[in-house]
Each structure stands twice: as structure tokens, then as C-alpha cells.
$ cat coords-v8.pdb   # PDB, C-alpha atoms
ATOM      1  CA  MET A   1      -6.631 -19.832   0.448
ATOM      2  CA  LYS A   2      -6.074 -17.009  -2.022
ATOM      3  CA  LEU A   3      -2.591 -16.881  -3.454
ATOM      4  CA  ILE A   4      -0.611 -13.700  -3.977
ATOM      5  CA  ASN A   5      -0.995 -13.830  -7.758
ATOM      6  CA  GLU A   6      -4.536 -12.518  -7.174
ATOM      7  CA  LEU A   7      -3.283  -9.760  -4.880
ATOM      8  CA  LEU A   8      -0.579  -8.701  -7.334
ATOM      9  CA  ASN A   9      -2.463  -9.379 -10.596
ATOM     10  CA  ILE A  10       0.158 -11.799 -11.926
ATOM     11  CA  LYS A  11      -0.141 -15.287 -13.429
ATOM     12  CA  TYR A  12       1.951 -17.264 -10.942
ATOM     13  CA  PRO A  13       2.288 -16.670  -7.172
ATOM     14  CA  ILE A  14       6.032 -16.156  -7.595
ATOM     15  CA  ILE A  15       8.095 -13.066  -6.821
ATOM     16  CA  GLN A  16      11.586 -12.761  -8.244
ATOM     17  CA  GLY A  17      14.124 -12.061  -5.520
ATOM     18  CA  ALA A  18      15.971  -8.762  -5.765
ATOM     19  CA  MET A  19      19.670  -9.232  -6.505
ATOM     20  CA  ALA A  20      21.890  -6.153  -6.722
ATOM     21  CA  ASN A  21      23.659  -5.651 -10.068
ATOM     22  CA  ILE A  22      21.683  -8.589 -11.465
ATOM     23  CA  THR A  23      17.948  -7.948 -11.455
ATOM     24  CA  THR A  24      17.893  -4.958 -13.782
ATOM     25  CA  GLY A  25      14.878  -3.445 -15.490
ATOM     26  CA  THR A  26      15.474  -5.752 -18.432
ATOM     27  CA  PHE A  27      15.573  -8.900 -16.310
ATOM     28  CA  ALA A  28      12.593  -7.843 -14.176
ATOM     29  CA  ALA A  29      10.582  -7.365 -17.367
ATOM     30  CA  ALA A  30      11.525 -10.873 -18.520
ATOM     31  CA  VAL A  31      10.224 -12.329 -15.247
ATOM     32  CA  SER A  32       7.011 -10.312 -15.392
ATOM     33  CA  ASN A  33       6.421 -11.323 -19.015
ATOM     34  CA  ALA A  34       6.883 -14.958 -17.974
ATOM     35  CA  GLY A  35       4.101 -14.667 -15.379
ATOM     36  CA  GLY A  36       5.915 -13.817 -12.153
ATOM     37  CA  LEU A  37       6.519 -10.486 -10.449
ATOM     38  CA  GLY A  38       9.800  -9.044 -11.672
ATOM     39  CA  ILE A  39      11.665  -6.922  -9.138
ATOM     40  CA  ILE A  40      14.292  -4.297  -9.977
ATOM     41  CA  ALA A  41      17.026  -4.298  -7.322
ATOM     42  CA  SER A  42      17.883  -0.668  -6.606
ATOM     43  CA  GLY A  43      20.806  -1.626  -4.331
ATOM     44  CA  ALA A  44      22.906   1.511  -3.860
ATOM     45  CA  MET A  45      21.399   3.329  -6.862
ATOM     46  CA  ASN A  46      20.381   6.996  -6.806
ATOM     47  CA  LYS A  47      17.092   8.375  -8.133
ATOM     48  CA  GLU A  48      18.358   8.973 -11.657
ATOM     49  CA  GLN A  49      19.661   5.415 -11.949
ATOM     50  CA  ILE A  50      16.477   3.744 -10.685
ATOM     51  CA  LEU A  51      14.289   5.943 -12.903
ATOM     52  CA  LYS A  52      16.289   4.715 -15.876
ATOM     53  CA  GLU A  53      15.763   1.061 -14.903
ATOM     54  CA  ILE A  54      12.038   1.593 -14.280
ATOM     55  CA  LYS A  55      11.618   3.143 -17.717
ATOM     56  CA  VAL A  56      13.533   0.288 -19.338
ATOM     57  CA  CYS A  57      11.214  -2.179 -17.620
ATOM     58  CA  LYS A  58       8.094  -0.282 -18.690
ATOM     59  CA  ASN A  59       9.275  -0.318 -22.291
ATOM     60  CA  LEU A  60       9.649  -4.098 -22.194
ATOM     61  CA  THR A  61       6.507  -5.195 -20.336
ATOM     62  CA  ASP A  62       2.939  -4.118 -19.712
ATOM     63  CA  LYS A  63       2.731  -6.498 -16.730
ATOM     64  CA  PRO A  64       3.093  -5.524 -13.049
ATOM     65  CA  PHE A  65       6.636  -5.258 -11.672
ATOM     66  CA  GLY A  66       8.252  -3.921  -8.536
ATOM     67  CA  VAL A  67      11.309  -2.217  -7.084
ATOM     68  CA  ASN A  68      13.307  -3.387  -4.093
ATOM     69  CA  VAL A  69      14.544  -0.619  -1.793
ATOM     70  CA  MET A  70      17.483  -1.254   0.510
ATOM     71  CA  LEU A  71      16.601   1.110   3.341
ATOM     72  CA  MET A  72      20.233   1.552   4.404
ATOM     73  CA  ASN A  73      20.869   3.249   1.051
ATOM     74  CA  HIS A  74      21.479   7.001   1.434
ATOM     75  CA  TYR A  75      19.153   7.532  -1.535
ATOM     76  CA  ALA A  76      16.234   5.480  -0.145
ATOM     77  CA  ASP A  77      13.969   8.539   0.156
ATOM     78  CA  ASP A  78      14.674   9.476  -3.461
ATOM     79  CA  ILE A  79      14.067   5.935  -4.700
ATOM     80  CA  ILE A  80      10.700   5.824  -2.937
ATOM     81  CA  GLU A  81       9.850   9.119  -4.654
ATOM     82  CA  ALA A  82      10.788   7.600  -8.005
ATOM     83  CA  CYS A  83       8.533   4.603  -7.367
ATOM     84  CA  ILE A  84       5.635   6.911  -6.540
ATOM     85  CA  GLU A  85       6.250   9.131  -9.567
ATOM     86  CA  GLU A  86       6.414   6.124 -11.905
ATOM     87  CA  LYS A  87       3.523   4.318 -10.181
ATOM     88  CA  VAL A  88       5.271   0.958  -9.901
ATOM     89  CA  SER A  89       3.002  -1.857  -8.746
ATOM     90  CA  VAL A  90       4.985  -3.093  -5.738
ATOM     91  CA  VAL A  91       7.817  -1.979  -3.479
ATOM     92  CA  THR A  92       9.712  -4.621  -1.520
ATOM     93  CA  THR A  93      12.121  -3.508   1.184
ATOM     94  CA  GLY A  94      15.126  -4.838   3.069
ATOM     95  CA  ALA A  95      17.745  -3.751   5.589
ATOM     96  CA  GLY A  96      15.569  -1.480   7.678
ATOM     97  CA  ASN A  97      12.100  -0.368   8.728
ATOM     98  CA  PRO A  98       9.868   1.007   5.929
ATOM     99  CA  GLY A  99       7.423   2.528   8.405
ATOM    100  CA  LYS A 100       7.776   6.138   7.294
ATOM    101  CA  TYR A 101       6.961   5.179   3.698
ATOM    102  CA  VAL A 102       3.973   2.867   4.169
ATOM    103  CA  GLU A 103       1.186   5.443   4.188
ATOM    104  CA  ARG A 104       2.521   7.379   1.199
ATOM    105  CA  LEU A 105       3.030   4.236  -0.855
ATOM    106  CA  LYS A 106      -0.447   2.951  -0.082
ATOM    107  CA  GLN A 107      -1.970   6.336  -0.937
ATOM    108  CA  ALA A 108      -0.209   6.087  -4.292
ATOM    109  CA  GLY A 109      -1.760   2.652  -4.871
ATOM    110  CA  ILE A 110       1.554   0.859  -4.462
ATOM    111  CA  LYS A 111       1.688  -2.394  -2.522
ATOM    112  CA  ILE A 112       4.479  -2.635   0.025
ATOM    113  CA  ILE A 113       5.994  -5.997   0.946
ATOM    114  CA  PRO A 114       9.004  -6.067   3.307
ATOM    115  CA  VAL A 115      11.488  -8.938   3.407
ATOM    116  CA  VAL A 116      11.922 -10.040   7.033
ATOM    117  CA  PRO A 117      14.050 -12.706   8.777
ATOM    118  CA  SER A 118      12.144 -13.062  12.076
ATOM    119  CA  VAL A 119       8.626 -13.295  13.479
ATOM    120  CA  ALA A 120       9.100 -10.293  15.765
ATOM    121  CA  LEU A 121      10.021  -8.063  12.833
ATOM    122  CA  GLY A 122       7.184  -9.502  10.769
ATOM    123  CA  MET A 123       4.665  -8.621  13.480
ATOM    124  CA  ARG A 124       6.028  -5.086  13.592
ATOM    125  CA  MET A 125       5.665  -4.797   9.819
ATOM    126  CA  ALA A 126       2.097  -6.134   9.912
ATOM    127  CA  ARG A 127       1.161  -3.472  12.474
ATOM    128  CA  LEU A 128       2.431  -0.832  10.057
ATOM    129  CA  GLY A 129      -0.168  -1.941   7.518
ATOM    130  CA  VAL A 130       2.002  -3.605   4.878
ATOM    131  CA  ASP A 131       0.233  -5.639   2.197
ATOM    132  CA  ALA A 132       2.190  -8.878   2.661
ATOM    133  CA  ILE A 133       5.411 -10.166   4.182
ATOM    134  CA  ILE A 134       8.250 -12.084   2.577
ATOM    135  CA  ALA A 135       9.559 -14.460   5.254
ATOM    136  CA  GLU A 136      13.100 -15.281   4.162
ATOM    137  CA  GLY A 137      15.000 -18.198   5.630
ATOM    138  CA  THR A 138      18.749 -18.442   6.032
ATOM    139  CA  GLU A 139      18.967 -20.902   3.110
ATOM    140  CA  ALA A 140      18.708 -17.968   0.713
ATOM    141  CA  GLY A 141      21.661 -16.425  -1.091
ATOM    142  CA  GLY A 142      22.929 -12.950  -0.268
ATOM    143  CA  HIS A 143      21.968 -11.172   2.959
ATOM    144  CA  VAL A 144      20.331 -13.631   5.354
ATOM    145  CA  GLY A 145      18.987 -14.031   8.869
ATOM    146  CA  GLU A 146      19.305 -16.976  11.248
ATOM    147  CA  GLN A 147      15.948 -18.795  11.000
ATOM    148  CA  THR A 148      15.358 -21.556   8.466
ATOM    149  CA  THR A 149      12.485 -21.270   6.014
ATOM    150  CA  MET A 150      10.892 -24.443   7.405
ATOM    151  CA  THR A 151      10.678 -22.971  10.901
ATOM    152  CA  LEU A 152      10.124 -19.301  10.043
ATOM    153  CA  VAL A 153       7.215 -19.544   7.606
ATOM    154  CA  PRO A 154       4.629 -21.414   9.740
ATOM    155  CA  GLN A 155       5.416 -19.260  12.776
ATOM    156  CA  MET A 156       5.053 -16.123  10.664
ATOM    157  CA  VAL A 157       1.759 -17.359   9.231
ATOM    158  CA  ASP A 158       0.403 -17.866  12.755
ATOM    159  CA  ALA A 159       1.661 -14.495  13.977
ATOM    160  CA  VAL A 160       0.452 -12.045  11.323
ATOM    161  CA  ASP A 161      -2.834 -11.291   9.569
ATOM    162  CA  VAL A 162      -1.378 -10.484   6.146
ATOM    163  CA  PRO A 163      -0.307 -12.883   3.378
ATOM    164  CA  VAL A 164       3.072 -14.532   3.902
ATOM    165  CA  ILE A 165       5.425 -15.274   0.999
ATOM    166  CA  ALA A 166       8.078 -17.937   1.627
ATOM    167  CA  ALA A 167      11.657 -17.344   0.502
ATOM    168  CA  GLY A 168      14.903 -19.265   0.857
ATOM    169  CA  GLY A 169      15.608 -22.769  -0.416
ATOM    170  CA  ILE A 170      12.837 -22.913  -3.041
ATOM    171  CA  ALA A 171      13.716 -23.853  -6.613
ATOM    172  CA  ASP A 172      11.166 -26.373  -7.874
ATOM    173  CA  LYS A 173       7.578 -27.563  -7.473
ATOM    174  CA  ARG A 174       8.427 -29.555  -4.338
ATOM    175  CA  GLY A 175       9.635 -26.443  -2.559
ATOM    176  CA  PHE A 176       6.628 -24.515  -3.835
ATOM    177  CA  ASN A 177       4.187 -27.135  -2.544
ATOM    178  CA  ALA A 178       6.039 -27.309   0.779
ATOM    179  CA  ALA A 179       5.721 -23.530   1.168
ATOM    180  CA  LEU A 180       1.971 -23.727   0.564
ATOM    181  CA  ALA A 181       1.695 -26.579   3.064
ATOM    182  CA  LEU A 182       3.394 -24.361   5.646
ATOM    183  CA  GLY A 183       0.721 -21.726   5.101
ATOM    184  CA  ALA A 184       2.473 -19.398   2.648
ATOM    185  CA  GLN A 185       0.459 -17.804  -0.125
ATOM    186  CA  GLY A 186       3.299 -17.602  -2.591
ATOM    187  CA  VAL A 187       7.064 -17.853  -2.915
ATOM    188  CA  GLN A 188      10.055 -15.702  -3.735
ATOM    189  CA  VAL A 189      12.863 -17.328  -5.698
ATOM    190  CA  GLY A 190      16.301 -16.143  -6.739
ATOM    191  CA  THR A 191      18.965 -18.838  -7.108
ATOM    192  CA  CYS A 192      17.031 -20.846  -9.703
ATOM    193  CA  LEU A 193      16.608 -17.681 -11.795
ATOM    194  CA  LEU A 194      20.366 -17.099 -11.861
ATOM    195  CA  ALA A 195      20.460 -20.111 -14.153
ATOM    196  CA  SER A 196      18.054 -18.612 -16.666
ATOM    197  CA  GLU A 197      18.838 -17.664 -20.244
ATOM    198  CA  GLU A 198      17.713 -14.088 -19.597
ATOM    199  CA  CYS A 199      19.769 -13.525 -16.444
ATOM    200  CA  PRO A 200      22.519 -10.978 -17.271
ATOM    201  CA  ILE A 201      25.282 -12.451 -15.087
ATOM    202  CA  HIS A 202      28.578 -13.680 -16.571
ATOM    203  CA  VAL A 203      28.546 -17.227 -17.950
ATOM    204  CA  ASN A 204      31.116 -18.220 -15.298
ATOM    205  CA  TYR A 205      28.635 -17.235 -12.580
ATOM    206  CA  LYS A 206      25.915 -19.361 -14.191
ATOM    207  CA  GLU A 207      28.265 -22.311 -14.457
ATOM    208  CA  ALA A 208      29.194 -21.914 -10.780
ATOM    209  CA  VAL A 209      25.493 -22.121  -9.856
ATOM    210  CA  LYS A 210      25.068 -25.242 -11.989
ATOM    211  CA  LYS A 211      28.129 -26.935 -10.472
ATOM    212  CA  ALA A 212      27.377 -26.031  -6.845
ATOM    213  CA  LYS A 213      26.581 -28.825  -4.397
ATOM    214  CA  ASP A 214      24.521 -28.618  -1.222
ATOM    215  CA  THR A 215      27.613 -27.822   0.886
ATOM    216  CA  ASP A 216      29.200 -25.285  -1.468
ATOM    217  CA  THR A 217      27.964 -22.090   0.199
ATOM    218  CA  VAL A 218      29.138 -20.351   3.358
ATOM    219  CA  VAL A 219      27.917 -17.398   5.425
ATOM    220  CA  THR A 220      30.350 -14.516   5.886
ATOM    221  CA  GLY A 221      29.980 -11.368   7.956
ATOM    222  CA  ARG A 222      28.380 -12.786  11.091
ATOM    223  CA  SER A 223      30.906 -10.911  13.249
ATOM    224  CA  LEU A 224      29.709  -7.643  11.672
ATOM    225  CA  ASN A 225      26.050  -8.556  12.173
ATOM    226  CA  ALA A 226      25.761  -8.554   8.381
ATOM    227  CA  PRO A 227      25.639 -12.224   7.335
ATOM    228  CA  VAL A 228      25.840 -12.934   3.606
ATOM    229  CA  ARG A 229      25.597 -16.371   1.970
ATOM    230  CA  ILE A 230      28.025 -16.816  -0.923
ATOM    231  CA  LEU A 231      29.917 -19.516  -2.791
ATOM    232  CA  LYS A 232      32.935 -21.069  -1.065
ATOM    233  CA  ASN A 233      35.932 -19.666  -2.934
ATOM    234  CA  VAL A 234      39.274 -17.922  -2.403
ATOM    235  CA  MET A 235      37.643 -14.677  -1.304
ATOM    236  CA  SER A 236      35.229 -16.254   1.183
ATOM    237  CA  ARG A 237      38.006 -18.346   2.742
ATOM    238  CA  LYS A 238      40.158 -15.224   3.214
ATOM    239  CA  TYR A 239      37.194 -13.395   4.703
ATOM    240  CA  LEU A 240      36.365 -16.139   7.205
ATOM    241  CA  GLU A 241      40.019 -16.384   8.237
ATOM    242  CA  LEU A 242      40.100 -12.638   8.904
ATOM    243  CA  GLU A 243      36.857 -12.946  10.891
ATOM    244  CA  ARG A 244      38.447 -15.645  13.061
ATOM    245  CA  GLN A 245      41.366 -13.272  13.652
ATOM    246  CA  VAL A 246      38.877 -10.576  14.721
ATOM    247  CA  ALA A 247      39.928  -8.228  11.949
ATOM    248  CA  SER A 248      38.609  -4.681  11.849
ATOM    249  CA  ARG A 249      35.438  -3.800   9.946
ATOM    250  CA  ASP A 250      37.490  -1.724   7.480
ATOM    251  CA  GLU A 251      39.826  -4.655   6.806
ATOM    252  CA  LEU A 252      36.924  -7.010   6.148
ATOM    253  CA  GLU A 253      35.040  -4.547   3.985
ATOM    254  CA  SER A 254      38.138  -3.835   1.889
ATOM    255  CA  LEU A 255      38.158  -7.510   0.923
ATOM    256  CA  THR A 256      34.581  -7.386  -0.388
ATOM    257  CA  LEU A 257      34.744  -3.966  -2.041
ATOM    258  CA  GLY A 258      33.592  -4.466  -5.632
ATOM    259  CA  ALA A 259      33.496  -8.242  -5.141
ATOM    260  CA  LEU A 260      29.908  -8.674  -6.338
ATOM    261  CA  ARG A 261      30.605  -6.710  -9.504
ATOM    262  CA  ARG A 262      33.691  -8.842 -10.145
ATOM    263  CA  ALA A 263      31.537 -11.949 -10.040
ATOM    264  CA  VAL A 264      28.563 -10.581 -11.987
ATOM    265  CA  PHE A 265      30.341  -8.699 -14.758
ATOM    266  CA  GLU A 266      33.863 -10.109 -14.942
ATOM    267  CA  GLY A 267      33.029 -13.723 -14.121
ATOM    268  CA  ASP A 268      35.647 -13.900 -11.365
ATOM    269  CA  ILE A 269      34.213 -16.736  -9.312
ATOM    270  CA  GLN A 270      37.298 -17.156  -7.127
ATOM    271  CA  ASN A 271      37.811 -13.582  -5.921
ATOM    272  CA  GLY A 272      34.283 -12.313  -6.466
ATOM    273  CA  SER A 273      31.237 -12.466  -4.217
ATOM    274  CA  VAL A 274      29.145 -15.187  -5.866
ATOM    275  CA  MET A 275      25.828 -14.931  -4.061
ATOM    276  CA  LEU A 276      23.630 -18.022  -4.279
ATOM    277  CA  GLY A 277      21.453 -20.091  -1.982
ATOM    278  CA  GLN A 278      21.839 -23.588  -0.576
ATOM    279  CA  ILE A 279      19.295 -24.880  -3.068
ATOM    280  CA  ALA A 280      21.804 -24.366  -5.922
ATOM    281  CA  GLY A 281      22.500 -28.100  -5.749
ATOM    282  CA  LEU A 282      19.140 -28.633  -7.471
ATOM    283  CA  VAL A 283      19.891 -26.214 -10.300
ATOM    284  CA  LYS A 284      21.540 -28.161 -13.125
ATOM    285  CA  THR A 285      20.474 -26.558 -16.416
ATOM    286  CA  ILE A 286      20.150 -23.132 -18.025
ATOM    287  CA  ARG A 287      16.526 -22.590 -19.049
ATOM    288  CA  PRO A 288      14.240 -19.735 -20.112
ATOM    289  CA  VAL A 289      12.586 -17.901 -17.206
ATOM    290  CA  LYS A 290       9.161 -18.932 -18.513
ATOM    291  CA  GLU A 291      10.091 -22.610 -18.321
ATOM    292  CA  ILE A 292      11.454 -22.230 -14.776
ATOM    293  CA  LEU A 293       8.285 -20.539 -13.490
ATOM    294  CA  GLU A 294       6.009 -23.028 -15.249
ATOM    295  CA  SER A 295       7.909 -25.985 -13.772
ATOM    296  CA  ILE A 296       7.625 -24.552 -10.241
ATOM    297  CA  CYS A 297       3.847 -24.193 -10.568
ATOM    298  CA  GLU A 298       3.100 -27.468 -12.358
TER     299      GLU A 298
END
$ encode --input "coords-v8.pdb" --output "C-alpha cells"
Amino acid sequence: MKLINELLNIKYPIIQGAMANITTGTFAAAVSNAGGLGIIASGAMNKEQILKEIKVCKNLTDKPFGVNVMLMNHYADDIIEACIEEKVSVVTTGAGNPGKYVERLKQAGIKIIPVVPSVALGMRMARLGVDAIIAEGTEAGGHVGEQTTMTLVPQMVDAVDVPVIAAGGIADKRGFNAALALGAQGVQVGTCLLASEECPIHVNYKEAVKKAKDTDTVVTGRSLNAPVRILKNVMSRKYLELERQVASRDELESLTLGALRRAVFEGDIQNGSVMLGQIAGLVKTIRPVKEILESICE
């Protein structure tokens, strides 16, 4: 079985998960220099902002890197244009169907790899001609689906004829080997990289990841059909209580407005949205990215 490091021309078959406000051009370059595939999270950026991050990344690495495009972003078309103009190696996508972009990206020599939470969506993506699929289980931090990685990955492998990359609940060599045993050809990791020396999040955020136990995350937003896995804290408890009271969408969204930035930049781990996966219980030390990737692929 060929692993995705051959497809993507990287040392290790590891993609860095896109995390809004966190995986900047600087951090993506650090991951790429360490042997993985760094991914710039465009989040809600516009074209000018993502071009800046791409140029920062290019100045810091000569290795392949990618950009994640959230397709619900009003500027998604512009961000795709920026990726084509700058000839990034890979585009990963989330929160939508990248169908209208696939042909143009492939013509530009850019590999397209959507993140999907279900087999049905994965099959649809494969029919579009994508280069690979990231099958993400609900164990992951941030926006999640319902299926677990253990059940989703082997079913995805059987259903599609493109490489499958496992994501969600992977932080060490045991998870990596398990993903390969399930038929995946690589992994995407995020939570373990939050606890890296190069990660630009506030020290309080890193300490929260280190201290988290297996039961310290919760999924909010199910009532809005927008589930997000975050740390149990004051904000998440308020949110879940409002959900139980069937609060309006505006009321719920007002609670989370700016919450991720509060966690990432201000270190507010009680009122901020501290996104992390269930595997955080395995993450106990702050290490260089290079050491983390090497330990996964031992």
C-alpha cells in the first residue's frame, strides 16, 4: 500500500489539521519543515488575508504545504483563486461541496482533498475526481460529524477508490498504526500539535490541552446542526443549558461570538472556545513539531 507521503511529496504520511486562527502560514511552514503537510486555515479570511499567509509560508519553507477552504465562507471563490495564483500544493475543504472547484484546481496541478464525516459524502466526493479523502471521526476537535473514526475509516476505504486519510483521535504511533490497519493511507492530526513549541496559541490554551482528561470535552451546537467539540468550561456549560432551553440561533451564536479568538489569543479558557479532541488525554508535554511527527511514525 502506497502512503500519502508519496502522493504529496512529503516525508511523513501526516497532514496537519486546519484550525482557524491557529494554523497560520508560520505554523504551517513549521509542520512542512518537520516532514508533514502544513495546512493554512483560511477560516473566514478574504483573498488579501490568505495571500499574505501563503507568502509568509513560502518565505519560511520550500516544502509542499496546503490551504484549507471553508466553503461556507463568502470569500471561498476568492480564496480558491489565490491558491491557484500562488500554486499551492494542496487544497483541503470543509463545510460544503467543492465540486465546482475540482476541475480548475486539478488543471492548475493542485491536489484537492475534502474533509468528510460520512461514507455517502465521501462517495460523492470520489465521483467528483478528488485526489484523496480525509475521513474525520467525531473524536476530533472543532467541527465534527457523528461517526467514530474506528467505524468511518474502514467503511470509507471499502466505498471509494481514492486514498483515505484517517482523522480524529490520533495522537501517537498506536493511533497511526491503527489507522493503517483500518486501511487508511495516512493520518491527519490536530490536537497533539496544539501542544507543540511552534503552535502560536496562548500558553493557557496549551496548558488546558495538557491537563485535559478523556472526559473533558463536550459537543455543542447539535441543535443547530453545527456540532463543535470543545473543552468543558463556563462557556460550553452555558451554551448547552441554552440548547436544552431551545434558545434561538441568534442567542446561541451571541454566546460564541469571538470565543475562539478569546481562547487562542487572550488565553481565556473559561469563556473562550477551546477546541480540542478527545485524544487530548494522551497529550502531556510540549514538544517541537519535528519530535511529535517523528514519534507518530516511529
$ residues_around --input "coords-v8.pdb" --residues "range 280-291 of chain A" --least-positions-apart "5" --cutoff "6 Å" --atoms "only C-alpha atoms" --output "ChimeraX atom specification"
/A:34,195-197,209-210,212-214
$ residues_around --input "coords-v8.pdb" --residues "range 125-138 of chain A" --least-positions-apart "4" --cutoff "8 Å" --atoms "only C-alpha atoms" --output "JSON, numbers by chain"
{"A": [97, 99, 102, 111, 112, 113, 114, 115, 116, 117, 118, 121, 144, 145, 146, 147, 148, 149, 150, 152, 153, 156, 160, 161, 162, 163, 164, 165, 166, 167, 168, 169, 188]}
$ resolve_selection --input "coords-v8.pdb" --expression "the PyMOL selection byres ((chain A and resi 86) around 12)" --output "JSON list (two decimals) with C-alpha atoms, in the coordinates of the input"
[["chain", "number", "residue", "atom", "x", "y", "z"],
["A", 47, "LYS", "CA", 17.09, 8.38, -8.13],
["A", 50, "ILE", "CA", 16.48, 3.74, -10.68],
["A", 51, "LEU", "CA", 14.29, 5.94, -12.90],
["A", 52, "LYS", "CA", 16.29, 4.72, -15.88],
["A", 53, "GLU", "CA", 15.76, 1.06, -14.90],
["A", 54, "ILE", "CA", 12.04, 1.59, -14.28],
["A", 55, "LYS", "CA", 11.62, 3.14, -17.72],
["A", 56, "VAL", "CA", 13.53, 0.29, -19.34],
["A", 57, "CYS", "CA", 11.21, -2.18, -17.62],
["A", 58, "LYS", "CA", 8.09, -0.28, -18.69],
["A", 65, "PHE", "CA", 6.64, -5.26, -11.67],
["A", 66, "GLY", "CA", 8.25, -3.92, -8.54],
["A", 67, "VAL", "CA", 11.31, -2.22, -7.08],
["A", 79, "ILE", "CA", 14.07, 5.94, -4.70],
["A", 80, "ILE", "CA", 10.70, 5.82, -2.94],
["A", 81, "GLU", "CA", 9.85, 9.12, -4.65],
["A", 82, "ALA", "CA", 10.79, 7.60, -8.01],
["A", 83, "CYS", "CA", 8.53, 4.60, -7.37],
["A", 84, "ILE", "CA", 5.64, 6.91, -6.54],
["A", 85, "GLU", "CA", 6.25, 9.13, -9.57],
["A", 87, "LYS", "CA", 3.52, 4.32, -10.18],
["A", 88, "VAL", "CA", 5.27, 0.96, -9.90],
["A", 89, "SER", "CA", 3.00, -1.86, -8.75],
["A", 90, "VAL", "CA", 4.99, -3.09, -5.74],
["A", 91, "VAL", "CA", 7.82, -1.98, -3.48],
["A", 105, "LEU", "CA", 3.03, 4.24, -0.86],
["A", 108, "ALA", "CA", -0.21, 6.09, -4.29],
["A", 109, "GLY", "CA", -1.76, 2.65, -4.87],
["A", 110, "ILE", "CA", 1.55, 0.86, -4.46]]
$ closest_residue --input "coords-v8.pdb" --among "A:Leu276, A:Ile39, A:Ile170, A:Leu252" --to "Leu224 in chain A" --atoms "all atoms listed in the file"
A:Leu252
$ closest_residue --input "coords-v8.pdb" --among "A:Thr26, A:Gln270, A:Thr92, A:Gln185" --to "Asn59 in chain A" --atoms "all atoms listed in the file"
A:Thr26
$ closest_residue --input "coords-v8.pdb" --among "A:Gly175, A:Gly221, A:Asp78, A:Lys206" --to "Ala247 in chain A" --atoms "only C-alpha atoms"
A:Gly221
$ closest_residue --input "coords-v8.pdb" --among "A:Gln107, A:Asn46, A:Thr23, A:Asn73" --to "Leu193 in chain A" --atoms "only C-alpha atoms"
A:Thr23
$ atom_distance --input "coords-v8.pdb" --atom1 "CA of Tyr239 in chain A" --atom2 "CA of Leu255 in chain A"
7.1 Å
$ closest_residue --input "coords-v8.pdb" --among "A:Thr151, A:Gly186, A:Leu194, A:Asn233" --to "Leu8 in chain A" --atoms "only C-alpha atoms"
A:Gly186
$ atom_distance --input "coords-v8.pdb" --atom1 "CA of Ala159 in chain A" --atom2 "CA of Pro64 in chain A"
28.5 Å
$ resolve_selection --input "coords-v8.pdb" --expression "the PyMOL selection byres ((chain A and resi 189) around 7)" --output "CSV table (one decimal) with C-alpha atoms, in the coordinates of the input"
chain,number,residue,atom,x,y,z
A,15,ILE,CA,8.1,-13.1,-6.8
A,16,GLN,CA,11.6,-12.8,-8.2
A,17,GLY,CA,14.1,-12.1,-5.5
A,167,ALA,CA,11.7,-17.3,0.5
A,170,ILE,CA,12.8,-22.9,-3.0
A,171,ALA,CA,13.7,-23.9,-6.6
A,187,VAL,CA,7.1,-17.9,-2.9
A,188,GLN,CA,10.1,-15.7,-3.7
A,190,GLY,CA,16.3,-16.1,-6.7
A,191,THR,CA,19.0,-18.8,-7.1
A,192,CYS,CA,17.0,-20.8,-9.7
$ decode --input "coords-v8.pdb" --residues "range 28-32 of chain A" --atoms "all heavy atoms" --output "PDB file, in the first residue's frame"
ATOM      1  N   ALA A  28       2.102  26.485   9.599  1.00  0.00           N
ATOM      2  CA  ALA A  28       2.070  25.506   8.503  1.00  0.00           C
ATOM      3  C   ALA A  28       3.482  25.242   7.982  1.00  0.00           C
ATOM      4  O   ALA A  28       3.840  24.094   7.693  1.00  0.00           O
ATOM      5  CB  ALA A  28       1.160  25.995   7.376  1.00  0.00           C
ATOM      6  N   ALA A  29       4.282  26.288   7.878  1.00  0.00           N
ATOM      7  CA  ALA A  29       5.664  26.114   7.421  1.00  0.00           C
ATOM      8  C   ALA A  29       6.462  25.257   8.392  1.00  0.00           C
ATOM      9  O   ALA A  29       7.267  24.415   7.978  1.00  0.00           O
ATOM     10  CB  ALA A  29       6.327  27.482   7.257  1.00  0.00           C
ATOM     11  N   ALA A  30       6.225  25.439   9.691  1.00  0.00           N
ATOM     12  CA  ALA A  30       6.930  24.640  10.700  1.00  0.00           C
ATOM     13  C   ALA A  30       6.599  23.161  10.543  1.00  0.00           C
ATOM     14  O   ALA A  30       7.480  22.296  10.654  1.00  0.00           O
ATOM     15  CB  ALA A  30       6.561  25.126  12.100  1.00  0.00           C
ATOM     16  N   VAL A  31       5.321  22.867  10.271  1.00  0.00           N
ATOM     17  CA  VAL A  31       4.910  21.467  10.087  1.00  0.00           C
ATOM     18  C   VAL A  31       5.524  20.894   8.815  1.00  0.00           C
ATOM     19  O   VAL A  31       6.031  19.765   8.805  1.00  0.00           O
ATOM     20  CB  VAL A  31       3.377  21.357  10.061  1.00  0.00           C
ATOM     21  CG1 VAL A  31       2.953  19.920   9.740  1.00  0.00           C
ATOM     22  CG2 VAL A  31       2.787  21.784  11.402  1.00  0.00           C
ATOM     23  N   SER A  32       5.487  21.662   7.737  1.00  0.00           N
ATOM     24  CA  SER A  32       6.068  21.185   6.482  1.00  0.00           C
ATOM     25  C   SER A  32       7.574  20.966   6.619  1.00  0.00           C
ATOM     26  O   SER A  32       8.115  19.967   6.132  1.00  0.00           O
ATOM     27  CB  SER A  32       5.774  22.173   5.350  1.00  0.00           C
ATOM     28  OG  SER A  32       4.398  22.162   5.012  1.00  0.00           O
TER      29      SER A  32
END
